[in-house]
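The data block below is coords27.cif; it holds mmCIF, C-alpha atoms (C1' of nucleotides).
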data_model
loop_
_atom_site.label_atom_id
_atom_site.label_comp_id
_atom_site.auth_asym_id
_atom_site.auth_seq_id
_atom_site.Cartn_x
_atom_site.Cartn_y
_atom_site.Cartn_z
CA MET U 1 21.20 15.28 -14.72
CA LEU U 2 17.92 13.74 -13.63
CA ARG U 3 14.85 15.90 -14.16
CA GLU U 4 12.20 16.52 -11.52
CA LEU U 5 9.23 14.18 -11.31
CA ASP U 6 5.89 15.99 -10.99
CA PRO U 7 5.27 15.58 -7.24
CA LEU U 8 1.53 15.49 -7.77
CA LEU U 9 1.86 12.37 -9.87
CA HIS U 10 4.74 10.80 -8.00
CA SER U 11 2.52 9.33 -5.31
CA GLN U 12 1.38 5.75 -5.47
CA LEU U 13 -2.29 6.42 -4.99
CA ARG U 14 -2.57 9.48 -7.23
CA LEU U 15 -0.54 7.76 -9.93
CA GLY U 16 -2.81 4.73 -9.65
CA ILE U 17 -5.91 6.87 -10.00
CA MET U 18 -4.46 8.71 -12.99
CA SER U 19 -3.41 5.43 -14.56
CA LEU U 20 -6.93 4.07 -14.26
CA LEU U 21 -8.39 7.28 -15.66
CA MET U 22 -5.95 7.18 -18.59
CA ASN U 23 -7.48 3.85 -19.55
CA ALA U 24 -11.14 4.61 -19.04
CA GLU U 25 -13.43 7.33 -20.31
CA SER U 26 -14.58 7.85 -16.74
CA ALA U 27 -14.54 6.03 -13.43
CA GLU U 28 -16.65 6.03 -10.31
CA PHE U 29 -15.32 6.68 -6.83
CA THR U 30 -15.94 3.13 -5.67
CA TYR U 31 -14.24 1.67 -8.73
CA LEU U 32 -11.13 3.74 -8.09
CA LYS U 33 -11.21 2.80 -4.43
CA GLU U 34 -11.38 -0.89 -5.23
CA LYS U 35 -8.83 -0.96 -8.04
CA THR U 36 -6.28 0.98 -6.01
CA ASN U 37 -7.09 -1.10 -2.91
CA SER U 38 -7.24 2.07 -0.88
CA THR U 39 -9.52 3.59 1.73
CA ALA U 40 -12.35 6.00 0.92
CA GLY U 41 -10.74 8.80 2.93
CA ASN U 42 -7.48 8.53 1.13
CA VAL U 43 -9.12 8.36 -2.29
CA SER U 44 -11.30 11.35 -1.43
CA VAL U 45 -8.30 13.48 -0.42
CA GLN U 46 -6.23 12.53 -3.45
CA LEU U 47 -9.09 13.12 -5.88
CA ASP U 48 -9.45 16.62 -4.47
CA LYS U 49 -5.77 17.30 -5.05
CA LEU U 50 -5.88 16.05 -8.62
CA SER U 51 -9.01 18.07 -9.22
CA ALA U 52 -7.49 21.23 -7.69
CA ALA U 53 -4.55 20.84 -10.07
CA GLY U 54 -6.92 20.55 -13.02
CA TYR U 55 -5.72 17.04 -13.81
CA ILE U 56 -9.18 15.49 -13.43
CA HIS U 57 -12.77 16.60 -13.51
CA ILE U 58 -15.13 15.42 -10.79
CA GLU U 59 -18.87 15.26 -11.19
CA LYS U 60 -21.10 14.62 -8.24
CA SER U 61 -24.56 13.31 -8.92
CA PHE U 62 -26.97 10.69 -7.63
CA ASN U 63 -27.64 7.13 -8.58
CA GLY U 64 -31.24 7.04 -7.45
CA LYS U 65 -30.73 8.36 -3.95
CA LYS U 66 -27.12 7.27 -3.47
CA PRO U 67 -24.36 9.78 -4.08
CA LEU U 68 -22.29 9.06 -7.16
CA THR U 69 -18.90 10.59 -7.83
CA THR U 70 -17.63 10.25 -11.36
CA CYS U 71 -14.12 11.20 -12.45
CA ARG U 72 -12.62 11.95 -15.80
CA ILE U 73 -9.06 12.86 -16.75
CA THR U 74 -8.65 16.28 -18.38
CA LYS U 75 -6.41 17.25 -21.30
CA LYS U 76 -4.08 18.89 -18.82
CA GLY U 77 -4.06 15.66 -16.84
CA ILE U 78 -3.23 13.57 -19.88
CA LYS U 79 -0.36 15.90 -20.76
CA ALA U 80 1.00 15.86 -17.23
CA PHE U 81 0.77 12.08 -17.08
CA GLU U 82 2.60 11.69 -20.36
CA GLU U 83 5.33 14.08 -19.30
CA TYR U 84 5.68 12.27 -16.02
CA VAL U 85 6.07 8.94 -17.81
CA ASN U 86 8.68 10.41 -20.14
CA THR U 87 10.71 11.78 -17.26
CA LEU U 88 10.32 8.56 -15.32
CA LYS U 89 11.74 6.56 -18.19
CA ASP U 90 15.12 8.20 -17.59
CA TYR U 91 15.02 6.84 -14.07
CA ILE U 92 14.11 3.27 -14.91
CA LYS U 93 16.02 2.63 -18.11
CA LYS U 94 19.13 0.51 -17.93
CA MET B 1 -5.82 -4.47 -8.95
CA LEU B 2 -2.72 -2.33 -8.78
CA ARG B 3 0.15 -3.78 -6.80
CA GLU B 4 2.08 -1.87 -4.16
CA LEU B 5 5.14 0.09 -5.19
CA ASP B 6 8.13 -0.46 -2.88
CA PRO B 7 7.95 2.74 -0.81
CA LEU B 8 11.70 2.76 -0.36
CA LEU B 9 12.17 3.09 -4.09
CA HIS B 10 9.16 5.26 -4.79
CA SER B 11 10.91 8.44 -3.77
CA GLN B 12 12.41 10.74 -6.35
CA LEU B 13 15.81 11.02 -4.75
CA ARG B 14 16.23 7.39 -3.71
CA LEU B 15 15.01 6.23 -7.10
CA GLY B 16 17.48 8.59 -8.75
CA ILE B 17 20.33 7.27 -6.66
CA MET B 18 19.37 3.67 -7.38
CA SER B 19 19.02 4.45 -11.07
CA LEU B 20 22.53 5.87 -11.16
CA LEU B 21 23.90 2.90 -9.24
CA MET B 22 22.17 0.49 -11.62
CA ASN B 23 24.19 2.02 -14.42
CA ALA B 24 27.59 2.30 -12.75
CA GLU B 25 29.77 -0.18 -10.95
CA SER B 26 30.08 2.31 -8.12
CA ALA B 27 29.53 5.99 -7.49
CA GLU B 28 30.91 8.58 -5.13
CA PHE B 29 28.81 10.70 -2.81
CA THR B 30 29.55 13.91 -4.67
CA TYR B 31 28.72 12.34 -8.03
CA LEU B 32 25.32 11.20 -6.74
CA LYS B 33 24.73 14.62 -5.21
CA GLU B 34 25.47 16.38 -8.48
CA LYS B 35 23.59 14.04 -10.80
CA THR B 36 20.48 14.11 -8.64
CA ASN B 37 20.81 17.87 -8.18
CA SER B 38 20.21 17.44 -4.49
CA THR B 39 21.71 18.68 -1.25
CA ALA B 40 24.37 16.80 0.71
CA GLY B 41 22.10 16.39 3.72
CA ASN B 42 19.33 14.86 1.71
CA VAL B 43 21.68 12.52 -0.13
CA SER B 44 23.26 11.46 3.15
CA VAL B 45 19.91 10.60 4.72
CA GLN B 46 18.65 8.67 1.72
CA LEU B 47 21.89 6.72 1.32
CA ASP B 48 21.54 5.62 4.92
CA LYS B 49 18.02 4.38 4.28
CA LEU B 50 19.03 2.46 1.17
CA SER B 51 21.96 1.01 3.04
CA ALA B 52 19.83 0.03 6.06
CA ALA B 53 17.52 -1.83 3.67
CA GLY B 54 20.48 -3.66 2.18
CA TYR B 55 19.87 -2.15 -1.26
CA ILE B 56 23.31 -0.54 -1.44
CA HIS B 57 26.69 -0.98 0.15
CA ILE B 58 28.52 2.08 1.41
CA GLU B 59 32.27 2.23 1.84
CA LYS B 60 33.89 5.10 3.66
CA SER B 61 37.54 5.76 2.98
CA PHE B 62 39.90 8.63 2.31
CA ASN B 63 41.13 10.26 -0.83
CA GLY B 64 44.39 11.55 0.61
CA LYS B 65 42.98 13.39 3.62
CA LYS B 66 39.50 14.03 2.28
CA PRO B 67 36.69 11.68 3.22
CA LEU B 68 35.42 9.60 0.34
CA THR B 69 32.09 7.79 0.36
CA THR B 70 31.64 5.19 -2.35
CA CYS B 71 28.35 3.42 -3.05
CA ARG B 72 27.53 0.22 -4.83
CA ILE B 73 24.20 -1.42 -5.50
CA THR B 74 23.77 -4.89 -3.96
CA LYS B 75 22.11 -7.97 -5.49
CA LYS B 76 19.14 -7.31 -3.23
CA GLY B 77 19.04 -3.73 -4.50
CA ILE B 78 19.11 -4.83 -8.13
CA LYS B 79 16.28 -7.27 -7.51
CA ALA B 80 14.20 -4.65 -5.69
CA PHE B 81 14.81 -2.13 -8.45
CA GLU B 82 13.78 -4.59 -11.14
CA GLU B 83 10.64 -5.56 -9.25
CA TYR B 84 9.79 -1.92 -8.73
CA VAL B 85 10.15 -1.23 -12.44
CA ASN B 86 7.97 -4.21 -13.31
CA THR B 87 5.24 -3.09 -10.96
CA LEU B 88 5.53 0.48 -12.14
CA LYS B 89 4.98 -0.59 -15.72
CA ASP B 90 1.41 -1.52 -14.85
CA TYR B 91 0.89 2.04 -13.71
CA ILE B 92 2.30 3.75 -16.77
CA LYS B 93 1.19 1.50 -19.60
CA LYS B 94 -1.66 2.66 -21.73
"C1'" DA A 1 -41.58 0.25 14.31
"C1'" DG A 2 -37.17 0.81 15.92
"C1'" DT A 3 -32.32 -0.13 15.57
"C1'" DA A 4 -28.24 -2.11 13.41
"C1'" DT A 5 -25.62 -2.27 9.24
"C1'" DT A 6 -24.20 -0.87 4.75
"C1'" DT A 7 -23.15 2.51 1.18
"C1'" DG A 8 -20.85 6.50 -0.37
"C1'" DG A 9 -18.52 9.53 0.77
"C1'" DT A 10 -15.90 14.00 3.72
"C1'" DT A 11 -13.26 15.99 7.46
"C1'" DT A 12 -9.72 15.87 10.70
"C1'" DA A 13 -5.93 14.18 13.38
"C1'" DT A 14 -1.78 11.64 13.39
"C1'" DA A 15 2.16 9.30 11.73
"C1'" DA A 16 5.62 9.10 8.36
"C1'" DT A 17 8.56 11.34 5.09
"C1'" DG A 18 11.32 14.46 2.65
"C1'" DT A 19 14.13 18.36 2.83
"C1'" DA A 20 17.11 21.96 4.09
"C1'" DA A 21 19.45 24.41 7.62
"C1'" DA A 22 22.81 24.07 10.91
"C1'" DC A 23 26.68 21.81 12.38
"C1'" DT A 24 31.35 19.06 12.47
"C1'" DA A 25 35.96 18.22 11.09
"C1'" DC A 26 39.47 18.87 8.36
"C1'" DT A 27 42.03 21.30 4.37
"C1'" DT A 28 43.36 24.82 1.37
"C1'" DT A 29 44.10 29.48 0.22
"C1'" DA A 30 44.86 34.47 0.96
"C1'" DT N 1 45.98 33.15 11.07
"C1'" DA N 2 41.68 34.00 9.45
"C1'" DA N 3 38.51 32.98 5.85
"C1'" DA N 4 36.64 29.90 2.65
"C1'" DG N 5 36.08 25.36 0.69
"C1'" DT N 6 35.24 20.19 0.84
"C1'" DA N 7 32.82 16.24 2.40
"C1'" DG N 8 29.90 14.93 4.70
"C1'" DT N 9 26.22 14.17 9.31
"C1'" DT N 10 22.68 15.51 12.49
"C1'" DT N 11 18.58 17.69 13.64
"C1'" DA N 12 14.54 20.30 13.18
"C1'" DC N 13 10.83 21.65 10.37
"C1'" DA N 14 7.38 21.47 6.80
"C1'" DT N 15 4.86 18.62 3.80
"C1'" DT N 16 2.43 14.48 2.80
"C1'" DA N 17 0.06 10.36 3.09
"C1'" DT N 18 -3.01 7.74 5.55
"C1'" DA N 19 -6.49 6.14 8.47
"C1'" DA N 20 -9.73 7.02 12.01
"C1'" DA N 21 -13.70 9.34 13.01
"C1'" DC N 22 -17.56 11.26 11.31
"C1'" DC N 23 -22.02 12.38 8.39
"C1'" DA N 24 -26.27 11.41 5.78
"C1'" DA N 25 -29.13 8.44 3.70
"C1'" DA N 26 -30.73 3.71 2.47
"C1'" DT N 27 -31.44 -1.06 3.44
"C1'" DA N 28 -31.74 -5.12 6.46
"C1'" DC N 29 -32.86 -7.30 10.83
"C1'" DT N 30 -36.00 -8.66 14.93
#
As structure tokens:
Amino acid sequence: MLRELDPLLHSQLRLGIMSLLMNAESAEFTYLKEKTNSTAGNVSVQLDKLSAAGYIHIEKSFNGKKPLTTCRITKKGIKAFEEYVNTLKDYIKK
Amino acid sequence: MLRELDPLLHSQLRLGIMSLLMNAESAEFTYLKEKTNSTAGNVSVQLDKLSAAGYIHIEKSFNGKKPLTTCRITKKGIKAFEEYVNTLKDYIKK
DNA sequence: AGTATTTGGTTTATAATGTAAACTACTTTA
DNA sequence: TAAAGTAGTTTACATTATAAACCAAATACT
């Protein structure tokens, strides 16, 4: 029987963000927005959800006078991502 | 930049159904319902969507007097599934 | 100097989607 | 013959994703 896929990760944009954060020590808001080819509003909402779940850590600071949002994946986030990938493999294997 | 994931396939239940159909010549409604651990209503709706997209072919017949719904993946469905998996790999690779 | 425009976001409203509950039709069992 | 089971479909609701609208500050025009 097929196992459940973590609904928080099974969303194109959130999965994309998590994927990028798995491969970088940290990433800025604008970088995530560009790489996922998404809108600022959508990225903002999804970052909040990932943060609320404890999957990422968000730090808000300033680059001179411009706001700067930096994101990092947490240990919990890494574990969740890896579990998601393991479960997913059952779905996509031939 | 991350590519788009076919939204028709990026749904737990539809992906599960397609995964099962990729690995079987055909499958009955009740089999799909059990393997995906889903409800009949949900399976019915998602089968219709996959069928409307031309990803599967649905045949309705009778097993004696009981209705029997049999599903088969189409060439288009196989292609879409394979493309989905290829795109997805960019998301889940480290 | 005043006013567009851009940057870097957040909040909110809407559209789309998934899901289960309710229903249909027929069959089997008590 | 009434109740329960099988095999689904339809419909209504709740969740979700997404973009539009908005905010605050900085920079660029004229």
The PyMOL selection byres ((chain N) within 10 of (chain U)) resolved against shown file, as a PDB file with C-alpha atoms (C1' of nucleotides), in the coordinates of the input:
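Writing done, so here's selection.pdb:
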ATOM      1  C1'  DT N  16       2.430  14.480   2.800  1.00  0.00           C
ATOM      2  C1'  DA N  17       0.060  10.360   3.090  1.00  0.00           C
ATOM      3  C1'  DT N  18      -3.010   7.740   5.550  1.00  0.00           C
ATOM      4  C1'  DA N  19      -6.490   6.140   8.470  1.00  0.00           C
ATOM      5  C1'  DA N  20      -9.730   7.020  12.010  1.00  0.00           C
ATOM      6  C1'  DA N  25     -29.130   8.440   3.700  1.00  0.00           C
ATOM      7  C1'  DA N  26     -30.730   3.710   2.470  1.00  0.00           C
TER       8       DA N  26
END
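Nearest to chain A of all the residues U:Leu68, U:Met1, U:Ile56, U:Leu20 is U:Leu68, based on all atoms listed in the file.
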Select all residues near (10.6, 21.7, 13.2) (cut-off 12 Å, inclusive, file coordinates), counting all atoms listed in the file, and output them as a PDB file with C-alpha atoms (C1' of nucleotides), in the coordinates of the input.
ATOM      1  C1'  DT A  19      14.130  18.360   2.830  1.00  0.00           C
ATOM      2  C1'  DA A  20      17.110  21.960   4.090  1.00  0.00           C
ATOM      3  C1'  DA A  21      19.450  24.410   7.620  1.00  0.00           C
TER       4       DA A  21
ATOM      5  C1'  DT N  11      18.580  17.690  13.640  1.00  0.00           C
ATOM      6  C1'  DA N  12      14.540  20.300  13.180  1.00  0.00           C
ATOM      7  C1'  DC N  13      10.830  21.650  10.370  1.00  0.00           C
ATOM      8  C1'  DA N  14       7.380  21.470   6.800  1.00  0.00           C
ATOM      9  C1'  DT N  15       4.860  18.620   3.800  1.00  0.00           C
TER      10       DT N  15
END
**OP:** Dump as a VMD selection string the residues of chain U that approach chain B to within 9 Å, counting all atoms listed in the file.
**Re:** chain U and resid 1 to 5 7 10 to 12 15 to 16 18 to 20 22 to 23 34 to 37 81 to 82 85 90 to 94
Original post:
Applied to the shown file, which residues does the PyMOL selection byres ((chain A) within 12 of (chain B)) return, written as an NGL selection string?
Top reply: :A and (16-23 or 25-28)
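Once chain B is least-squares aligned to chain U over all ordered C-alpha pairs, the remaining root-mean-square deviation is 0.0 Å.
Compared by their closest atoms to U:Asn63, and using only C-alpha atoms (C1' of nucleotides), the residues A:DG8, A:DA30, A:DT14, A:DG2 rank with A:DG8 nearest.
The residues returned by the PyMOL selection byres ((chain N and resi 23) around 8) on the shown structure are A:DT10, N:DC22, N:DA24.
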Take the residues from that selection and put them in a file with C-alpha atoms (C1' of nucleotides), as a PDB file, in the coordinates of the input.
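Result file is part-v1.pdb:
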ATOM      1  C1'  DT A  10     -15.900  14.000   3.720  1.00  0.00           C
TER       2       DT A  10
ATOM      3  C1'  DC N  22     -17.560  11.260  11.310  1.00  0.00           C
ATOM      4  C1'  DA N  24     -26.270  11.410   5.780  1.00  0.00           C
TER       5       DA N  24
END
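Separating atom CA of U:Glu83 from atom CA of U:Tyr55 is a distance of 12.7 Å.
Between atom CA of U:Ser44 and atom CA of U:Phe62 lies a distance of 16.9 Å.
The space separating atom CA of B:Leu9 from atom CA of B:Ser51 comes to 12.3 Å.
The smallest atom-to-atom distance between U:Leu21 and any of U:Ala80, U:Leu50, U:Ile58, U:Ile73, using all atoms listed in the file, is found for U:Ile73.
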Subject >> Surrounding residues of B:Phe29 excluding itself and chain neighbours under 2 positions, 7 Å, all atoms listed in the file, as a count of residues only >> reply: 6
